[in-house]
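Engineer: Pasting coords.cif here (mmCIF, C-alpha atoms):
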```cif
data_run
#
loop_
_atom_site.label_atom_id
_atom_site.label_comp_id
_atom_site.auth_asym_id
_atom_site.auth_seq_id
_atom_site.Cartn_x
_atom_site.Cartn_y
_atom_site.Cartn_z
CA MET N 8 63.09 88.00 83.72
CA LYS N 9 66.03 87.02 85.92
CA TYR N 10 69.59 88.14 85.28
CA ARG N 11 73.01 86.92 86.45
CA GLY N 12 76.66 87.26 85.44
CA ALA N 13 77.89 90.07 83.26
CA VAL N 14 74.34 90.92 82.20
CA LEU N 15 73.74 92.42 85.62
CA PHE N 16 76.42 95.03 85.08
CA ALA N 17 75.90 95.66 81.39
CA LEU N 18 72.18 96.27 81.34
CA VAL N 19 69.29 95.79 83.75
CA MET N 20 66.79 93.78 81.76
CA PRO N 21 63.18 94.79 82.24
CA VAL N 22 60.80 92.40 83.93
CA ALA N 23 58.34 91.10 81.36
CA ALA N 24 54.86 92.36 81.98
CA CYS N 25 52.20 89.71 82.18
CA SER N 26 48.65 89.47 83.41
CA GLY N 27 49.73 87.44 86.46
CA ALA N 28 52.39 89.88 87.66
CA GLY N 29 52.00 90.98 91.25
CA PRO N 30 52.67 94.47 92.66
CA GLU N 31 56.27 93.55 93.49
CA ASP N 32 56.87 92.54 89.85
CA GLU N 33 55.36 95.79 88.64
CA ALA N 34 57.71 97.70 90.92
CA LEU N 35 60.65 95.72 89.54
CA ARG N 36 59.59 96.51 85.99
CA ARG N 37 59.33 100.23 86.76
CA GLY N 38 62.69 100.05 88.52
CA ASP N 39 64.33 98.42 85.52
CA GLU N 40 62.89 101.07 83.21
CA ALA N 41 64.15 103.85 85.49
CA PHE N 42 67.59 102.21 85.65
CA ALA N 43 67.71 102.00 81.86
CA ARG N 44 66.97 105.75 81.71
CA GLY N 45 69.80 106.42 84.16
CA ASP N 46 67.42 107.51 86.92
CA LEU N 47 69.12 105.66 89.78
CA ALA N 48 67.12 107.35 92.54
CA GLU N 49 63.84 106.27 90.94
CA ALA N 50 65.17 102.77 90.26
CA LEU N 51 66.22 102.38 93.90
CA ALA N 52 62.83 103.58 95.12
CA GLU N 53 61.02 101.02 92.96
CA TYR N 54 63.39 98.16 93.81
CA ARG N 55 63.01 98.82 97.52
CA LEU N 56 59.25 99.06 97.08
CA SER N 57 59.36 95.63 95.45
CA LEU N 58 61.21 94.29 98.49
CA ALA N 59 58.67 95.88 100.82
CA GLN N 60 55.86 94.26 98.83
CA GLY N 61 57.33 90.81 99.32
CA ALA N 62 59.94 90.26 96.64
CA GLY N 63 62.83 88.65 98.48
CA ASP N 64 64.54 86.66 95.74
CA VAL N 65 68.26 86.94 95.06
CA ASP N 66 67.81 88.80 91.77
CA THR N 67 65.89 91.60 93.47
CA LEU N 68 68.60 91.91 96.12
CA LEU N 69 71.19 92.09 93.33
CA ARG N 70 69.23 94.84 91.58
CA VAL N 71 69.14 96.90 94.78
CA ALA N 72 72.82 96.30 95.48
CA HIS N 73 73.88 97.19 91.94
CA ALA N 74 71.82 100.39 91.95
CA TYR N 75 73.43 101.42 95.24
CA ALA N 76 76.90 100.66 93.84
CA GLU N 77 76.18 102.73 90.74
CA SER N 78 75.06 105.54 93.06
CA SER N 79 78.38 105.28 95.00
CA ARG N 80 76.49 104.31 98.14
CA ILE N 81 78.96 101.61 99.03
CA THR N 82 77.79 100.78 102.55
CA GLU N 83 74.29 99.97 101.33
CA ALA N 84 75.57 98.13 98.25
CA ARG N 85 77.75 95.91 100.42
CA GLU N 86 74.82 95.16 102.75
CA TYR N 87 72.59 93.96 99.91
CA TYR N 88 75.35 92.02 98.16
CA LEU N 89 76.09 90.21 101.43
CA ALA N 90 72.39 89.42 101.82
CA ALA N 91 72.31 88.00 98.28
CA ALA N 92 75.46 85.96 98.89
CA GLU N 93 73.97 84.45 102.03
CA ARG N 94 71.12 83.07 99.94
CA ASP N 95 73.24 82.18 96.92
CA PRO N 96 77.03 82.05 97.52
CA GLY N 97 77.54 82.04 93.75
CA THR N 98 76.61 85.73 93.63
CA ALA N 99 79.67 86.74 95.71
CA ASP N 100 81.76 87.02 92.54
CA LEU N 101 79.22 89.43 91.05
CA GLY N 102 79.21 91.61 94.14
CA ALA N 103 82.99 91.68 94.44
CA SER N 104 83.42 92.61 90.77
CA ASP N 105 80.81 95.35 90.99
CA LEU N 106 82.36 96.84 94.12
CA LEU N 107 85.82 96.81 92.56
CA ARG N 108 84.41 98.70 89.58
CA ALA N 109 82.95 101.21 92.02
CA ALA N 110 86.37 101.46 93.68
CA ARG N 111 88.06 102.26 90.36
CA ARG N 112 85.46 104.91 89.59
CA ALA N 113 86.05 106.43 93.03
CA MET N 114 89.82 106.47 92.49
CA ALA N 115 89.30 108.24 89.15
CA ARG N 116 87.59 110.97 91.19
CA GLN N 117 90.41 110.89 93.78
CA ASP N 118 87.98 109.65 96.42
CA GLY N 119 90.26 107.24 98.24
CA THR N 120 87.95 106.84 101.23
CA LEU N 121 85.08 105.60 99.08
CA ALA N 122 87.43 103.40 97.06
CA ALA N 123 88.79 101.81 100.25
CA ALA N 124 85.27 101.07 101.47
CA ALA N 125 84.41 99.45 98.14
CA VAL N 126 87.58 97.34 98.19
CA GLU N 127 86.87 96.31 101.77
CA GLY N 128 83.40 95.17 100.71
CA ALA N 129 84.80 93.23 97.74
CA VAL N 130 87.29 91.41 99.98
CA LEU N 131 84.57 90.67 102.50
CA LEU N 132 82.44 89.11 99.78
CA LYS N 133 85.29 87.27 98.10
CA PRO N 134 88.38 86.83 100.30
CA GLY N 135 91.47 86.60 98.14
CA VAL N 136 89.90 88.53 95.27
CA SER N 137 92.55 90.10 93.06
CA LEU N 138 93.03 93.82 93.62
CA GLN N 139 95.24 94.17 90.57
CA GLY N 140 95.17 97.73 89.33
CA ILE N 141 93.56 99.24 92.42
CA SER N 142 95.90 98.43 95.36
CA LEU N 143 98.77 100.65 94.27
CA PRO N 144 96.75 103.76 93.33
CA LEU N 145 94.88 103.45 96.61
CA ALA N 146 98.10 103.04 98.62
CA ARG N 147 99.61 106.10 96.96
CA HIS N 148 96.44 108.11 97.56
CA PHE N 149 96.58 107.44 101.29
CA ALA N 150 100.33 108.08 101.47
CA ARG N 151 99.98 111.43 99.68
CA ASN N 152 97.37 112.45 102.22
CA GLY N 153 99.47 111.43 105.23
CA ARG N 154 97.34 108.38 106.03
CA HIS N 155 100.28 105.98 106.12
CA GLY N 156 98.62 103.38 108.32
CA GLN N 157 95.87 102.96 105.74
CA ALA N 158 98.38 102.98 102.89
CA LEU N 159 100.48 100.08 104.20
CA PRO N 160 98.03 97.18 103.66
CA PHE N 161 97.48 98.31 100.08
CA PHE N 162 101.23 98.60 99.42
CA GLN N 163 101.59 95.06 100.74
CA LYS N 164 98.81 93.80 98.46
CA ALA N 165 100.34 95.62 95.48
CA ILE N 166 103.73 94.00 96.10
CA ARG N 167 102.15 90.56 96.43
CA GLU N 168 100.18 90.94 93.21
CA MET N 169 102.95 92.26 91.01
CA GLU N 170 106.63 91.62 90.44
CA THR N 171 108.65 93.27 93.17
CA ASP N 172 109.14 96.85 92.02
CA PRO N 173 111.90 98.74 93.88
CA GLU N 174 109.89 101.94 93.57
CA VAL N 175 106.86 100.41 95.30
CA VAL N 176 109.02 98.83 98.00
CA PHE N 177 110.61 102.23 98.59
CA GLU N 178 107.22 103.89 98.96
CA MET N 179 106.17 101.21 101.45
CA ALA N 180 109.42 101.74 103.40
CA LEU N 181 108.65 105.47 103.60
CA ALA N 182 105.20 104.68 105.00
CA HIS N 183 106.82 102.57 107.72
CA ALA N 184 109.29 105.36 108.49
CA GLU N 185 106.49 107.94 108.72
CA LEU N 186 104.75 105.70 111.25
CA GLY N 187 107.93 105.58 113.35
CA ASP N 188 108.76 101.99 112.42
CA CYS N 189 112.33 102.62 111.28
CA ARG N 190 113.41 99.06 111.97
CA ARG N 191 111.06 97.66 109.35
CA ALA N 192 111.69 100.58 107.02
CA LEU N 193 115.42 99.81 107.07
CA VAL N 194 114.82 96.21 106.04
CA PHE N 195 113.07 97.36 102.87
CA LEU N 196 115.42 100.27 102.18
CA GLU N 197 118.50 98.09 102.36
CA GLN N 198 116.77 95.49 100.20
CA ILE N 199 116.26 97.88 97.27
CA ARG N 200 119.24 100.22 97.70
CA GLY N 201 121.19 98.59 94.89
CA ALA N 202 118.16 98.27 92.63
CA VAL N 203 116.95 101.88 92.45
CA GLY N 204 118.11 104.25 89.76
CA PRO N 205 120.64 107.08 90.24
CA ALA N 206 117.89 109.69 90.61
CA ARG N 207 116.28 107.85 93.53
CA ARG N 208 119.48 106.69 95.26
CA PRO N 209 120.14 109.92 97.26
CA GLU N 210 116.65 109.78 98.76
CA VAL N 211 117.06 106.11 99.67
CA ASP N 212 120.44 106.87 101.26
CA TRP N 213 119.05 109.80 103.23
CA ASN N 214 116.31 107.62 104.69
CA ILE N 215 118.71 104.79 105.51
CA GLY N 216 121.02 107.21 107.30
CA ASN N 217 118.19 108.96 109.11
CA CYS N 218 116.51 105.75 110.30
CA SER N 219 119.86 104.33 111.37
CA ALA N 220 120.52 107.44 113.46
CA ASP N 221 117.10 107.16 115.11
CA LEU N 222 117.58 103.47 115.89
CA ALA N 223 121.07 104.13 117.24
CA ILE N 224 119.62 106.56 119.77
CA ASP N 225 117.10 103.89 120.83
CA ALA N 226 119.85 101.27 121.14
CA ARG N 227 121.97 103.58 123.28
CA ALA N 228 118.99 104.23 125.56
CA GLU N 229 118.62 100.46 125.92
CA GLU N 230 122.33 100.27 126.83
CA ASN N 231 123.12 98.29 123.69
CA GLY N 232 126.35 100.05 122.84
CA GLU N 233 127.48 97.65 120.13
CA GLU N 234 124.23 98.02 118.19
CA ALA N 235 124.28 101.80 118.63
CA LEU N 236 127.86 101.86 117.36
CA ARG N 237 126.95 99.78 114.32
CA LEU N 238 123.99 101.97 113.45
CA HIS N 239 125.87 105.25 113.88
CA ARG N 240 128.53 103.87 111.56
CA VAL N 241 125.83 103.14 108.97
CA THR N 242 124.80 106.81 109.06
CA ILE N 243 128.45 107.89 108.83
CA GLY N 244 129.15 105.46 105.98
CA ILE N 245 126.11 106.64 104.03
CA GLY N 246 127.03 110.28 104.68
CA GLU N 247 123.41 111.31 105.17
CA PRO N 248 121.64 113.19 106.64
CA ARG N 249 124.50 115.67 106.73
CA ASN N 250 123.06 117.55 109.68
CA ARG N 251 123.26 114.40 111.81
CA LEU N 252 126.83 113.41 111.02
CA ALA N 253 128.47 115.51 113.76
CA ARG N 254 126.20 113.98 116.39
CA ALA N 255 126.82 110.49 115.00
CA TRP N 256 130.60 110.95 115.26
CA PHE N 257 130.21 112.34 118.79
CA GLU N 258 128.12 109.33 119.86
CA VAL N 259 130.67 106.97 118.32
CA GLY N 260 133.38 108.75 120.30
CA GLU N 261 131.42 108.35 123.54
CA ILE N 262 130.82 104.65 122.99
CA LEU N 263 134.45 103.97 122.07
CA GLU N 264 135.63 105.97 125.07
CA SER N 265 133.41 103.90 127.37
CA GLN N 266 134.96 100.76 125.86
CA GLY N 267 138.47 101.97 126.51
CA GLU N 268 139.24 102.53 122.81
CA CYS N 269 140.97 105.83 123.50
CA ARG N 270 142.76 106.41 120.20
CA ALA N 271 139.66 105.53 118.18
CA ALA N 272 137.52 107.74 120.45
CA VAL N 273 139.85 110.73 119.89
CA GLU N 274 139.67 110.17 116.12
CA ALA N 275 135.87 110.11 116.29
CA TYR N 276 135.73 113.30 118.39
CA ASP N 277 138.10 114.99 115.94
CA GLN N 278 135.60 114.30 113.14
CA VAL N 279 132.88 116.25 114.94
CA GLY N 280 134.46 119.59 114.12
CA ARG N 281 134.92 118.58 110.49
CA GLN N 282 131.21 117.84 110.17
CA ASP N 283 129.83 120.81 112.17
CA LEU N 284 131.31 123.85 110.46
CA SER N 285 129.13 126.14 112.57
CA ARG N 286 131.39 125.34 115.52
CA GLY N 287 128.40 124.77 117.78
CA PHE N 288 128.18 123.41 121.29
CA ILE N 289 128.79 119.82 120.20
CA VAL N 290 132.18 120.77 118.73
CA ALA N 291 133.27 122.42 121.97
CA GLU N 292 132.12 119.36 123.90
CA ALA N 293 134.04 117.02 121.57
CA GLU N 294 137.20 119.11 122.01
CA ARG N 295 136.76 118.98 125.77
CA ARG N 296 136.45 115.20 125.64
CA VAL N 297 139.64 114.97 123.58
CA ASP N 298 141.50 117.06 126.13
CA GLU N 299 140.18 114.89 128.95
CA ILE N 300 141.37 111.73 127.23
CA ARG N 301 144.80 113.15 126.41
CA PHE N 302 145.50 114.67 129.78
CA ARG N 303 143.48 112.48 132.10
CA ARG N 304 145.42 110.97 134.93
CA GLY N 305 145.14 107.36 136.02
CA GLY N 306 142.12 106.17 137.92
CA GLU N 307 139.67 108.61 136.34
CA GLY N 308 138.19 106.30 133.72
CA PRO N 309 138.93 103.69 131.08
CA CYS N 310 140.85 106.18 128.98
#
```
Once more with this new file: its structure as structure tokens, please.
Structural biologist:
Amino acid sequence: MKYRGAVLFALVMPVAACSGAGPEDEALRRGDEAFARGDLAEALAEYRLSLAQGAGDVDTLLRVAHAYAESSRITEAREYYLAAAERDPGTADLGASDLLRAARRAMARQDGTLAAAAVEGAVLLKPGVSLQGISLPLARHFARNGRHGQALPFFQKAIREMETDPEVVFEMALAHAELGDCRRALVFLEQIRGAVGPARRPEVDWNIGNCSADLAIDARAEENGEEALRLHRVTIGIGEPRNRLARAWFEVGEILESQGECRAAVEAYDQVGRQDLSRGFIVAEAERRVDEIRFRRGGEGPC
């Protein structure tokens, strides 16, 4: 008896015994009986025996694939579902649905690696298949385990498949920041800054200020003083991270001094001591710069 659609995943129907049944049909029947008992190993052995004995129809391939999926052997399940889909493209939906069910079971066990493999197989079988309900848990699983590169595609899918949620956008921004892509992280952080609740706002601000400070250093190294100045002022305006404010003010002072903005440079250097209460080296350097500007004689620089 052949089976398609939801029947495949609800119950494997036994092959009807008849006097004309060949050895491959007998193996299928025994496999169906073993599957019904929950003996997946025995079912797989019989289904594969049926294939070895000459059964090559799509339904046999689907039986093998489904038994592998139920056994959480995703690589093998994908292989047999792809083989079935090559013979009958209409079975791709079945395979994708079955693999997504396997992915959800894997996520329930906190096995993100297996879930990702199952999702990958589902997408391979049915490009554009909806990952509703699985993308976000999978993205968060990878992010929690420091695997931010693997998390990002699933965050992106989650955002595409649901209404834009500031919380999800924030989590995706953090993944970008962890990968060193502060430029892209800032785009998302600034996008949702006004939409997050009061409890989340300090964390968003900290990350905006921190990424701005990192990008300002890069801009200064590229001799883009105006961009560095803008970014340092973002950090200063946000007021976070507090341990980077003294350096931000010092850098602002240096840029303004190089531009001949002497009064503004002195004001920036004066802020360094207000931000670094430990009176560290940077404070002494800022005070020295102020003295140089105030007492410098002509011909020694723009200030």
Engineer: Any chance you could work out the residue set of the PyMOL selection byres ((chain N and resi 70-84) around 9) here, as a PDB file with C-alpha atoms, in the frame of the given file?
Structural biologist:
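Written output follows (part.pdb):
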```pdb
ATOM      1  CA  LEU N  15      73.740  92.420  85.620  1.00  0.00           C
ATOM      2  CA  PHE N  16      76.420  95.030  85.080  1.00  0.00           C
ATOM      3  CA  VAL N  19      69.290  95.790  83.750  1.00  0.00           C
ATOM      4  CA  LEU N  35      60.650  95.720  89.540  1.00  0.00           C
ATOM      5  CA  GLY N  38      62.690 100.050  88.520  1.00  0.00           C
ATOM      6  CA  ASP N  39      64.330  98.420  85.520  1.00  0.00           C
ATOM      7  CA  PHE N  42      67.590 102.210  85.650  1.00  0.00           C
ATOM      8  CA  LEU N  47      69.120 105.660  89.780  1.00  0.00           C
ATOM      9  CA  ALA N  48      67.120 107.350  92.540  1.00  0.00           C
ATOM     10  CA  ALA N  50      65.170 102.770  90.260  1.00  0.00           C
ATOM     11  CA  LEU N  51      66.220 102.380  93.900  1.00  0.00           C
ATOM     12  CA  TYR N  54      63.390  98.160  93.810  1.00  0.00           C
ATOM     13  CA  ARG N  55      63.010  98.820  97.520  1.00  0.00           C
ATOM     14  CA  VAL N  65      68.260  86.940  95.060  1.00  0.00           C
ATOM     15  CA  ASP N  66      67.810  88.800  91.770  1.00  0.00           C
ATOM     16  CA  THR N  67      65.890  91.600  93.470  1.00  0.00           C
ATOM     17  CA  LEU N  68      68.600  91.910  96.120  1.00  0.00           C
ATOM     18  CA  LEU N  69      71.190  92.090  93.330  1.00  0.00           C
ATOM     19  CA  ARG N  85      77.750  95.910 100.420  1.00  0.00           C
ATOM     20  CA  GLU N  86      74.820  95.160 102.750  1.00  0.00           C
ATOM     21  CA  TYR N  87      72.590  93.960  99.910  1.00  0.00           C
ATOM     22  CA  TYR N  88      75.350  92.020  98.160  1.00  0.00           C
ATOM     23  CA  LEU N  89      76.090  90.210 101.430  1.00  0.00           C
ATOM     24  CA  ALA N  91      72.310  88.000  98.280  1.00  0.00           C
ATOM     25  CA  GLY N 102      79.210  91.610  94.140  1.00  0.00           C
ATOM     26  CA  ASP N 105      80.810  95.350  90.990  1.00  0.00           C
ATOM     27  CA  LEU N 106      82.360  96.840  94.120  1.00  0.00           C
ATOM     28  CA  ARG N 108      84.410  98.700  89.580  1.00  0.00           C
ATOM     29  CA  ALA N 109      82.950 101.210  92.020  1.00  0.00           C
ATOM     30  CA  ALA N 110      86.370 101.460  93.680  1.00  0.00           C
ATOM     31  CA  ARG N 112      85.460 104.910  89.590  1.00  0.00           C
ATOM     32  CA  ALA N 113      86.050 106.430  93.030  1.00  0.00           C
ATOM     33  CA  LEU N 121      85.080 105.600  99.080  1.00  0.00           C
ATOM     34  CA  ALA N 122      87.430 103.400  97.060  1.00  0.00           C
ATOM     35  CA  ALA N 124      85.270 101.070 101.470  1.00  0.00           C
ATOM     36  CA  ALA N 125      84.410  99.450  98.140  1.00  0.00           C
ATOM     37  CA  GLY N 128      83.400  95.170 100.710  1.00  0.00           C
TER      38      GLY N 128
END
```
Engineer: Could you state the separation of atom CA of Asn217 of chain N and atom CA of His155 of chain N in Å, given to one decimal place?
Structural biologist: 18.4 Å
Engineer: Env of Val176 of chain N: 8 Å cut, atoms = all atoms listed in the file, seq-sep filter 2 positions within chain, self excluded. Answer as a list in words.
Structural biologist: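 Residues near the query, excluding close chain neighbours: Phe162, Ile166, Thr171, Asp172, Pro173, Glu174, Glu178, Met179, Ala180, Phe195, Leu196 and Ile199 of chain N.
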Engineer: Measure the distance from atom CA of Arg151 of chain N to atom CA of Gly135 of chain N in Å and round it to one decimal.
Structural biologist: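 The value is 26.3 Å.
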Engineer: Run the PyMOL selection byres ((chain N and resi 157) around 10) against the file shown and list the residues it catches, as a PyMOL selection string.
Structural biologist: chain N and resi 120+123+145-146+148-150+153-156+158-162+182
Engineer: Starting from the displayed file, determine the output of the PyMOL selection byres ((chain N and resi 263-266) around 9) and express the residue list as number ranges by chain.
Structural biologist: N: 236, 258-262, 267-273, 275, 300, 308-310
Engineer: To one decimal in Å, tell me the separation between atom CA of Ala220 of chain N and atom CA of Arg301 of chain N.
Structural biologist: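 So the answer is 28.1 Å.
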Engineer: Between N:Glu197, N:Asp298, N:Asp100, N:Glu229, single out the one closest to Asn214 of chain N, counting only C-alpha atoms.
Structural biologist: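 Under the stated criterion, the closest residue is N:Glu197.
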Engineer: Give me, as a list in words, all polymer residues having an atom no more than 12 Å from Val290 of chain N, counting all atoms listed in the file and skipping those fewer than 2 positions away in the same chain.
Structural biologist: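 Non-adjacent residues within range: Leu252, Ala253, Arg254, Trp256, Phe257, Ala275, Tyr276, Asp277, Gln278, Val279, Gly280, Arg281, Gln282, Asp283, Leu284, Ser285, Arg286, Gly287, Phe288, Glu292, Ala293, Glu294, Arg295, Arg296 and Val297 of chain N.
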Engineer: Using all atoms listed in the file, can you tell me which of N:Gly63, N:Arg116, N:Ala99, N:Arg36 comes closest to Leu131 of chain N?
Structural biologist: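 Closest to Leu131 of chain N, using all atoms listed in the file: N:Ala99.
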